[in-house]
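What follows is the content of entry17.cif (mmCIF, C-alpha atoms and all ligand atoms).
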```cif
data_upload
loop_
_atom_site.label_atom_id
_atom_site.label_comp_id
_atom_site.auth_asym_id
_atom_site.auth_seq_id
_atom_site.Cartn_x
_atom_site.Cartn_y
_atom_site.Cartn_z
CA MET K 1 14.89 10.34 -12.67
CA SER K 2 11.77 11.67 -11.06
CA GLY K 3 8.58 9.59 -11.05
CA ILE K 4 5.07 10.39 -9.93
CA LEU K 5 6.12 9.45 -6.40
CA ASP K 6 9.64 9.50 -4.97
CA ILE K 7 10.28 8.55 -1.37
CA ASP K 8 13.84 9.32 -0.30
CA HIS K 9 15.41 8.12 2.94
CA LEU K 10 12.14 8.39 4.84
CA THR K 11 12.45 7.84 8.58
CA VAL K 12 9.42 8.31 10.81
CA THR K 13 9.53 8.37 14.59
CA LEU K 14 6.38 8.51 16.68
CA ALA K 15 6.22 10.09 20.10
CA GLY K 16 6.31 6.94 22.26
CA GLU K 17 5.11 6.70 25.86
CA ASP K 18 8.55 6.92 27.41
CA ARG K 19 10.83 7.25 24.40
CA PRO K 20 10.57 7.98 20.69
CA LYS K 21 9.32 5.02 18.68
CA PRO K 22 10.76 4.58 15.18
CA VAL K 23 8.24 3.05 12.77
CA LEU K 24 9.95 3.63 9.41
CA SER K 25 13.69 3.52 8.95
CA ASP K 26 15.38 4.90 5.84
CA VAL K 27 12.71 3.90 3.33
CA SER K 28 13.35 4.75 -0.31
CA MET K 29 11.17 3.78 -3.24
CA SER K 30 9.65 5.35 -6.31
CA ILE K 31 6.69 4.89 -8.61
CA ALA K 32 6.76 5.87 -12.27
CA GLU K 33 3.77 7.41 -14.08
CA GLY K 34 1.22 4.69 -14.73
CA GLU K 35 3.14 2.09 -12.73
CA ALA K 36 1.63 -0.14 -10.04
CA VAL K 37 3.93 -0.95 -7.13
CA GLY K 38 2.97 -3.44 -4.43
CA LEU K 39 4.07 -2.94 -0.83
CA VAL K 40 4.08 -6.22 1.04
CA GLY K 41 5.02 -7.25 4.55
CA GLU K 42 3.68 -8.78 7.73
CA SER K 43 1.59 -6.81 10.19
CA GLY K 44 3.47 -3.95 11.88
CA SER K 45 6.11 -3.64 9.17
CA GLY K 46 5.17 -0.02 8.44
CA LYS K 47 3.03 -0.29 5.31
CA SER K 48 0.21 1.94 6.57
CA MET K 49 2.70 4.40 8.07
CA THR K 50 4.22 4.75 4.61
CA VAL K 51 0.83 5.76 3.19
CA ARG K 52 0.14 8.07 6.12
CA SER K 53 3.52 9.73 5.54
CA ILE K 54 2.64 10.30 1.88
CA ILE K 55 -0.64 11.99 2.70
CA ARG K 56 0.93 13.64 5.75
CA LEU K 57 -1.56 12.26 8.22
CA LEU K 58 0.80 10.96 10.89
CA PRO K 59 -0.16 10.79 14.57
CA PRO K 60 0.48 14.00 16.53
CA GLY K 61 4.09 14.37 17.66
CA ALA K 62 5.45 12.25 14.80
CA ARG K 63 8.81 13.28 13.34
CA MET K 64 9.62 12.78 9.71
CA GLU K 65 13.08 12.84 8.11
CA GLY K 66 13.91 12.43 4.45
CA ASN K 67 11.54 13.59 1.80
CA ILE K 68 8.60 12.62 -0.37
CA ARG K 69 8.08 14.19 -3.77
CA VAL K 70 5.04 13.96 -5.98
CA ARG K 71 5.96 14.78 -9.58
CA GLY K 72 9.06 16.48 -8.23
CA VAL K 73 7.21 18.64 -5.67
CA ASP K 74 8.48 18.15 -2.12
CA LEU K 75 5.33 17.55 -0.04
CA GLY K 76 7.08 19.01 3.01
CA THR K 77 6.95 22.44 1.40
CA LEU K 78 3.16 22.39 0.94
CA ARG K 79 0.74 23.94 3.41
CA GLY K 80 -2.99 24.67 3.61
CA ALA K 81 -4.85 24.74 0.32
CA ALA K 82 -1.86 23.49 -1.70
CA LEU K 83 -1.52 20.44 0.57
CA ARG K 84 -5.27 19.73 0.41
CA LYS K 85 -5.18 19.93 -3.38
CA MET K 86 -2.23 17.54 -3.54
CA ARG K 87 -4.05 15.11 -1.21
CA ALA K 88 -7.14 15.22 -3.40
CA GLU K 89 -4.97 14.14 -6.32
CA MET K 90 -3.85 10.98 -4.53
CA PRO K 91 -6.89 9.48 -2.84
CA VAL K 92 -6.50 6.57 -0.43
CA ILE K 93 -8.69 3.50 -0.47
CA PHE K 94 -8.57 2.06 3.03
CA GLN K 95 -9.20 -1.42 4.37
CA ASP K 96 -12.33 -0.40 6.25
CA PRO K 97 -14.55 1.86 4.15
CA ARG K 98 -17.04 2.33 6.99
CA ALA K 99 -14.43 4.13 9.07
CA HIS K 100 -13.88 6.63 6.26
CA ILE K 101 -17.40 7.60 5.25
CA ASN K 102 -19.84 9.76 7.17
CA PRO K 103 -22.67 7.37 8.21
CA VAL K 104 -25.35 10.05 8.30
CA ARG K 105 -24.82 11.35 4.79
CA SER K 106 -26.14 9.70 1.65
CA VAL K 107 -23.85 8.00 -0.85
CA GLY K 108 -24.86 10.68 -3.35
CA ASP K 109 -23.83 13.54 -1.05
CA PHE K 110 -20.54 11.79 -0.34
CA LEU K 111 -19.76 11.27 -4.01
CA THR K 112 -20.88 14.66 -5.32
CA GLU K 113 -19.55 16.99 -2.63
CA ALA K 114 -16.11 17.55 -4.15
CA LEU K 115 -17.57 17.94 -7.64
CA ARG K 116 -20.04 20.55 -6.48
CA ILE K 117 -17.67 22.50 -4.27
CA HIS K 118 -14.34 22.28 -6.08
CA ARG K 119 -15.51 21.90 -9.67
CA ARG K 120 -18.63 24.02 -9.22
CA MET K 121 -20.83 21.45 -10.92
CA SER K 122 -24.61 21.66 -10.46
CA ARG K 123 -26.18 18.97 -8.29
CA ALA K 124 -27.79 17.35 -11.33
CA ALA K 125 -24.54 17.29 -13.32
CA ALA K 126 -22.56 15.99 -10.33
CA GLU K 127 -25.14 13.23 -9.79
CA ASP K 128 -24.95 12.24 -13.46
CA ARG K 129 -21.19 12.01 -13.20
CA ALA K 130 -21.32 10.04 -9.92
CA ALA K 131 -23.89 7.62 -11.34
CA ASP K 132 -21.70 7.02 -14.41
CA VAL K 133 -18.68 6.19 -12.28
CA LEU K 134 -20.73 3.94 -9.96
CA ASP K 135 -21.80 2.11 -13.06
CA GLU K 136 -18.17 1.76 -14.16
CA VAL K 137 -17.14 0.22 -10.84
CA GLY K 138 -19.94 -2.32 -11.24
CA VAL K 139 -22.56 -0.91 -8.87
CA SER K 140 -26.00 -1.78 -10.23
CA GLU K 141 -28.93 0.62 -9.98
CA ALA K 142 -26.54 3.52 -9.54
CA ARG K 143 -29.29 6.17 -9.31
CA ARG K 144 -30.99 4.39 -6.43
CA ARG K 145 -27.66 3.93 -4.63
CA LEU K 146 -27.11 7.68 -4.58
CA ARG K 147 -30.15 7.98 -2.26
CA GLN K 148 -28.93 5.23 0.08
CA TYR K 149 -26.89 5.49 3.27
CA PRO K 150 -23.65 3.63 4.03
CA HIS K 151 -25.32 1.17 6.46
CA GLU K 152 -27.63 0.03 3.66
CA LEU K 153 -24.70 -1.21 1.56
CA SER K 154 -22.60 -4.34 1.96
CA GLY K 155 -18.84 -4.02 2.56
CA GLY K 156 -18.10 -4.93 -1.04
CA LEU K 157 -20.54 -2.32 -2.42
CA LEU K 158 -19.24 0.32 -0.06
CA GLN K 159 -15.66 -0.38 -1.17
CA ARG K 160 -16.81 0.09 -4.78
CA VAL K 161 -18.30 3.44 -3.70
CA MET K 162 -14.89 4.37 -2.24
CA ILE K 163 -13.19 3.41 -5.50
CA ALA K 164 -15.76 5.49 -7.41
CA SER K 165 -15.05 8.42 -5.11
CA ALA K 166 -11.30 8.05 -5.70
CA LEU K 167 -11.82 7.95 -9.48
CA LEU K 168 -14.11 11.01 -9.42
CA ALA K 169 -11.12 12.98 -8.14
CA GLU K 170 -9.38 12.16 -11.45
CA PRO K 171 -6.14 11.29 -9.68
CA ARG K 172 -2.80 10.35 -11.22
CA LEU K 173 -1.86 8.18 -8.25
CA LEU K 174 -4.04 5.80 -6.25
CA LEU K 175 -3.04 4.75 -2.77
CA ALA K 176 -4.70 1.51 -1.69
CA ASP K 177 -4.10 0.21 1.84
CA GLU K 178 -5.32 -3.40 1.98
CA PRO K 179 -8.50 -2.41 0.13
CA THR K 180 -9.93 -5.92 -0.01
CA THR K 181 -8.59 -7.52 3.17
CA ALA K 182 -11.85 -7.06 5.08
CA LEU K 183 -14.01 -8.57 2.32
CA ASP K 184 -14.98 -12.20 1.76
CA VAL K 185 -12.94 -14.06 -0.83
CA THR K 186 -15.37 -13.80 -3.76
CA THR K 187 -16.08 -10.12 -3.22
CA GLN K 188 -12.35 -9.55 -2.75
CA ALA K 189 -11.62 -10.96 -6.20
CA GLU K 190 -14.41 -8.92 -7.82
CA VAL K 191 -13.41 -5.63 -6.23
CA MET K 192 -9.75 -6.28 -7.04
CA ALA K 193 -10.61 -6.97 -10.69
CA VAL K 194 -12.60 -3.75 -11.02
CA MET K 195 -9.87 -1.67 -9.43
CA ASP K 196 -7.18 -3.25 -11.54
CA GLU K 197 -9.11 -2.80 -14.78
CA LEU K 198 -10.06 0.84 -14.19
CA ARG K 199 -6.55 1.69 -13.10
CA ARG K 200 -5.05 0.20 -16.26
CA GLU K 201 -7.63 1.84 -18.52
CA ARG K 202 -6.87 5.22 -17.04
CA GLY K 203 -3.11 4.68 -16.86
CA LEU K 204 -3.08 5.53 -13.14
CA ALA K 205 -0.08 4.88 -10.97
CA MET K 206 -0.83 2.95 -7.78
CA LEU K 207 0.77 2.05 -4.50
CA PHE K 208 -0.97 -1.15 -3.51
CA ILE K 209 -0.55 -2.40 0.03
CA THR K 210 -1.26 -5.97 0.98
CA HIS K 211 0.15 -8.74 3.15
CA ASP K 212 -0.42 -11.12 0.24
CA LEU K 213 2.72 -11.43 -1.87
CA GLU K 214 0.95 -13.35 -4.60
CA LEU K 215 -1.84 -10.79 -4.94
CA ALA K 216 0.67 -7.94 -5.14
CA ALA K 217 2.62 -9.81 -7.80
CA ALA K 218 -0.54 -10.50 -9.78
CA ILE K 219 -1.58 -6.88 -10.14
CA CYS K 220 1.60 -4.83 -9.72
CA ASP K 221 4.51 -4.21 -12.07
CA ARG K 222 6.97 -4.16 -9.19
CA THR K 223 6.74 -5.32 -5.61
CA ALA K 224 8.53 -3.95 -2.56
CA VAL K 225 8.90 -6.12 0.51
CA MET K 226 9.02 -4.38 3.85
CA TYR K 227 10.09 -5.65 7.25
CA ALA K 228 10.47 -3.76 10.53
CA GLY K 229 10.04 -0.40 8.80
CA ARG K 230 12.66 -1.11 6.11
CA VAL K 231 12.55 -2.10 2.46
CA MET K 232 14.23 -5.50 2.16
CA GLU K 233 13.77 -6.10 -1.55
CA VAL K 234 12.09 -4.38 -4.47
CA ARG K 235 11.93 -6.01 -7.88
CA ALA K 236 9.79 -6.76 -10.91
CA SER K 237 6.85 -8.69 -9.46
CA ALA K 238 7.08 -11.84 -11.55
CA SER K 239 10.76 -12.47 -10.89
CA LEU K 240 10.46 -11.53 -7.23
CA LEU K 241 7.86 -14.25 -6.77
CA GLU K 242 9.67 -16.78 -8.93
CA ARG K 243 13.14 -16.15 -7.64
CA PRO K 244 13.11 -14.19 -4.40
CA LEU K 245 16.55 -12.92 -3.42
CA HIS K 246 16.07 -11.82 0.17
CA PRO K 247 15.60 -14.66 2.69
CA TYR K 248 12.59 -12.75 4.07
CA THR K 249 10.93 -12.60 0.65
CA ALA K 250 11.72 -16.27 0.15
CA ALA K 251 10.14 -17.07 3.52
CA LEU K 252 7.02 -15.05 2.67
CA ALA K 253 6.77 -16.81 -0.67
CA THR K 254 6.93 -20.25 0.97
CA ALA K 255 4.61 -19.28 3.80
CA ARG K 256 1.80 -18.26 1.51
CA PRO K 257 -1.10 -20.64 1.37
CA SER K 258 -1.47 -22.22 -2.01
CA ILE K 259 -4.13 -24.46 -3.46
CA GLU K 260 -1.46 -26.62 -5.04
CA ARG K 261 0.19 -27.24 -1.72
CA LYS K 262 -1.21 -29.46 1.00
CA VAL K 263 -2.31 -27.53 4.07
CA ASP K 264 -0.17 -29.64 6.40
CA ARG K 265 2.91 -28.57 4.50
CA LEU K 266 2.12 -24.91 4.97
CA THR K 267 5.17 -23.42 6.57
CA THR K 268 5.25 -20.25 8.58
CA ILE K 269 8.21 -18.05 9.32
CA PRO K 270 9.50 -18.87 12.81
CA GLY K 271 9.11 -16.14 15.42
CA ARG K 272 6.87 -13.13 15.21
CA PRO K 273 7.26 -10.10 12.96
CA LEU K 274 9.13 -7.16 14.48
CA SER K 275 8.35 -3.48 14.19
CA ALA K 276 11.07 -0.92 13.50
CA PHE K 277 11.43 0.03 17.17
CA GLU K 278 12.20 -3.62 18.07
CA ALA K 279 14.69 -4.23 15.26
CA PRO K 280 18.05 -5.70 16.33
CA ASP K 281 21.42 -4.27 15.20
CA GLY K 282 22.45 -5.25 11.71
CA CYS K 283 19.82 -6.80 9.48
CA ALA K 284 16.33 -6.43 10.98
CA PHE K 285 15.46 -9.99 9.92
CA ASN K 286 18.47 -11.60 11.62
CA THR K 287 16.43 -12.95 14.57
CA ARG K 288 14.30 -15.09 12.23
CA CYS K 289 16.53 -15.75 9.24
CA ALA K 290 17.55 -19.35 8.49
CA HIS K 291 20.77 -18.09 6.88
CA VAL K 292 21.97 -15.75 9.60
CA ARG K 293 25.76 -15.27 10.06
CA GLU K 294 27.74 -13.10 12.43
CA SER K 295 28.10 -10.43 9.73
CA CYS K 296 24.30 -10.08 9.61
CA ARG K 297 24.33 -8.87 13.21
CA GLU K 298 27.07 -6.31 12.71
CA GLN K 299 26.03 -3.95 9.98
CA ARG K 300 22.74 -2.91 8.51
CA PRO K 301 22.72 -4.11 4.89
CA GLU K 302 22.24 -1.39 2.28
CA LEU K 303 19.70 -1.76 -0.51
CA ARG K 304 21.94 -2.81 -3.43
CA THR K 305 21.05 -3.01 -7.09
CA LEU K 306 20.87 -6.61 -8.27
CA LEU K 307 19.16 -8.26 -11.25
CA ASP K 308 15.95 -6.31 -11.94
CA GLY K 309 15.78 -4.43 -8.65
CA GLN K 310 17.34 -3.92 -5.26
CA VAL K 311 17.91 -6.11 -2.25
CA ALA K 312 19.23 -5.52 1.27
CA CYS K 313 21.09 -8.70 2.24
CA VAL K 314 24.85 -9.21 2.50
CA ARG K 315 24.63 -12.92 1.78
CA VAL K 316 22.45 -12.83 -1.29
CA GLU K 317 25.10 -13.73 -3.91
CA GLU K 318 26.35 -16.63 -1.80
CA LEU K 319 22.83 -17.96 -1.15
CA GLN K 320 21.81 -17.68 -4.79
CA ALA K 321 24.93 -19.56 -5.87
CA VAL K 322 24.02 -22.37 -3.48
CA SER K 323 20.34 -22.59 -4.40
CA HIS K 324 21.07 -22.59 -8.13
CA ASP K 325 23.74 -25.31 -8.16
N1 LIG J 401 -1.21 5.61 16.02
C1 LIG J 401 -0.13 4.89 16.37
N2 LIG J 401 0.53 5.14 17.52
C2 LIG J 401 1.61 4.43 17.88
N3 LIG J 401 2.14 3.44 17.16
C3 LIG J 401 1.54 3.14 16.00
C4 LIG J 401 0.36 3.84 15.54
N4 LIG J 401 0.00 3.30 14.36
C5 LIG J 401 0.88 2.31 14.09
N5 LIG J 401 1.81 2.22 15.06
C6 LIG J 401 2.96 1.30 15.09
O1 LIG J 401 3.75 1.55 13.95
C7 LIG J 401 4.29 0.34 13.43
C8 LIG J 401 3.95 0.22 11.96
O2 LIG J 401 2.54 0.13 11.84
P1 LIG J 401 1.76 0.06 10.47
O3 LIG J 401 2.36 1.00 9.49
O4 LIG J 401 0.33 0.26 10.80
O5 LIG J 401 2.04 -1.44 10.01
P2 LIG J 401 1.36 -2.29 8.85
O6 LIG J 401 0.42 -1.41 8.11
O7 LIG J 401 2.51 -2.77 8.02
O8 LIG J 401 0.70 -3.44 9.52
C9 LIG J 401 3.71 -0.77 14.30
O9 LIG J 401 4.69 -1.12 15.24
C10 LIG J 401 2.52 -0.14 14.96
O10 LIG J 401 2.31 -0.72 16.22
MG MG J 402 -1.64 -1.53 7.84
#
```
When written as structure tokens, how does the structure in this file appear?
Ligand SMILES: Nc1ncnc2c1ncn2[C@@H]1O[C@H](COP(=O)(O)OP(=O)(O)O)[C@@H](O)[C@H]1O
Ligand SMILES: [Mg+2]
Amino acid sequence: MSGILDIDHLTVTLAGEDRPKPVLSDVSMSIAEGEAVGLVGESGSGKSMTVRSIIRLLPPGARMEGNIRVRGVDLGTLRGAALRKMRAEMPVIFQDPRAHINPVRSVGDFLTEALRIHRRMSRAAAEDRAADVLDEVGVSEARRRLRQYPHELSGGLLQRVMIASALLAEPRLLLADEPTTALDVTTQAEVMAVMDELRRERGLAMLFITHDLELAAAICDRTAVMYAGRVMEVRASASLLERPLHPYTAALATARPSIERKVDRLTTIPGRPLSAFEAPDGCAFNTRCAHVRESCREQRPELRTLLDGQVACVRVEELQAVSHD
């Protein structure tokens, strides 16, 4: 079955200083029309590289194996104008909006450029449209904002401008790479709520990247957990959070700070997260897993279908039987 996005056996290797550096290893996942999928994992696990592979903006010298299809079209076959058009249909909202907006151009120019050039709208019509969408994403005094410059806006407002810009492209798929991580907690919640609401209203599919398992679960239909450039588990969000199958997911779920839990009981996963190029033989998580056995060091576990999703752990049935006695 083909969804809006299908990633099949994606392996990405960067040109390292002395040898090639794998950053994604055999990643497969898909997103259905209108579905929101969370991509969660610690820093360095390959979340951003996944997005950069989708929009084909990998560092120079990167090698990509496997394929990525958008509505059945293999992105690897697209060049030039066709690739630019496809990119425009799946805008990315990045963590740091300031790094992705031209500081010397007004918000209005930024928001109306594509409408004027690609849709041949008049300046006045494009500004009307931009002001309407700014209003929708909760930016007050939209008309005045169009005359302002990025440095005059707070991080939260600027991220709303980025969301407005993404929506103006009338996409079918939104890519969001930690869109609220750089914002303070209150602003984070507001921006998240706006994005979530507008996405649902429009029936947009979304790949939502975060290191916060709970946040992903709250706004996404399914959540994929990534470690060392691999997908460890992907399942319906609610059950993944309630009953994680992979020991890594379980560790992430326990490590998350919670208001119900006392701070001194906050546990962290022992050791530091590994990137794909540091992964040991067998299961990538075997250096940190509390349930490691010899078999975990021998063979890389396949993603297997289980319950409402897939999980890559050879011991999962055994461990579930124990924890549910
Ligand atoms: N431009 C780059 N050049 C070399 N290595 C990179 C570059 N960007 C990211 N990496 C490496 O790729 C791996 C995955 O990174 P990334 O996808 O950014 O992780 P995440 O977004 O999950 O934190 C990391 O080991 C990181 O150090
Ligand atoms: Mg990242």
Kindly indicate which residue among K:Thr50, K:Gln320, K:Gln188, K:Ser43 lies nearest to Ser25 (chain K), using only C-alpha atoms for the distances.
K:Thr50
Once you count only C-alpha atoms and all ligand atoms, which residues end up within 8 Å of ligand LIG 401 (chain J), and could you hand them over as a count of residues only?
28
What is the CA of Glu178 (chain K) to CA of Ala164 (chain K) distance in Å?
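Pair CA of Glu178 (chain K) / CA of Ala164 (chain K) returns 16.6 Å.
Shortest separation to Asp74 (chain K) among K:Ala62, K:Ile4, K:Leu115, K:Val191 occurs at residue K:Ile4, atoms counted being only C-alpha atoms.
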Using only C-alpha atoms, which residue out of K:Arg116, K:Arg63, K:Arg129, K:Arg52 lies closest to Val92 (chain K)?
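The closest residue to Val92 (chain K) is K:Arg52.
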Here is a test: counting only C-alpha atoms, which residue of K:Ala224, K:Leu175, K:Ala126, K:Leu83 is nearest to Asp212 (chain K)?
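Nearest to Asp212 (chain K): K:Ala224.
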Local residues around (-7.9, -0.1, 2.5), at most 12 Å away, using only C-alpha atoms, as a ChimeraX atom specification
/K:47-48,51,91-100,155-156,158-160,162-163,174-183,188,191-192,207-211
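Put simply, CA of Thr249 (chain K) is 19.3 Å away from CA of Ser30 (chain K).
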Quick check, in Å to one decimal: how far apart do CA of Arg199 (chain K) and CA of Gly80 (chain K) lie?
28.6 Å
Got a sec: who's within 12 Å of Val73 (chain K), counting all atoms listed in the file, leaving out chain neighbours fewer than 3 positions off, as JSON, numbers by chain?
{"K": [2, 3, 4, 5, 6, 7, 67, 68, 69, 70, 76, 77, 78, 82, 83, 86]}
Selected residues written out, C-alpha atoms, as a PDB file, keeping the file's coordinate frame:
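Written out: out-v9.pdb:
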```pdb
ATOM      1  CA  SER K   2      11.770  11.670 -11.060  1.00  0.00           C
ATOM      2  CA  GLY K   3       8.580   9.590 -11.050  1.00  0.00           C
ATOM      3  CA  ILE K   4       5.070  10.390  -9.930  1.00  0.00           C
ATOM      4  CA  LEU K   5       6.120   9.450  -6.400  1.00  0.00           C
ATOM      5  CA  ASP K   6       9.640   9.500  -4.970  1.00  0.00           C
ATOM      6  CA  ILE K   7      10.280   8.550  -1.370  1.00  0.00           C
ATOM      7  CA  ASN K  67      11.540  13.590   1.800  1.00  0.00           C
ATOM      8  CA  ILE K  68       8.600  12.620  -0.370  1.00  0.00           C
ATOM      9  CA  ARG K  69       8.080  14.190  -3.770  1.00  0.00           C
ATOM     10  CA  VAL K  70       5.040  13.960  -5.980  1.00  0.00           C
ATOM     11  CA  GLY K  76       7.080  19.010   3.010  1.00  0.00           C
ATOM     12  CA  THR K  77       6.950  22.440   1.400  1.00  0.00           C
ATOM     13  CA  LEU K  78       3.160  22.390   0.940  1.00  0.00           C
ATOM     14  CA  ALA K  82      -1.860  23.490  -1.700  1.00  0.00           C
ATOM     15  CA  LEU K  83      -1.520  20.440   0.570  1.00  0.00           C
ATOM     16  CA  MET K  86      -2.230  17.540  -3.540  1.00  0.00           C
TER      17      MET K  86
END
```
Proximity to Ala36 (chain K) - best of K:Val314, K:Leu153, K:Ala205, K:Leu57, all atoms listed in the file
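Of the candidates, the smallest distance to Ala36 (chain K) is held by K:Ala205.
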Just the residues within 9 Å of Gly138 (chain K), please, counting only C-alpha atoms, with nothing from its chain fewer than 2 positions along; format it as a PyMOL selection string.
chain K and resi 133-136+140+142+157+160+191+194
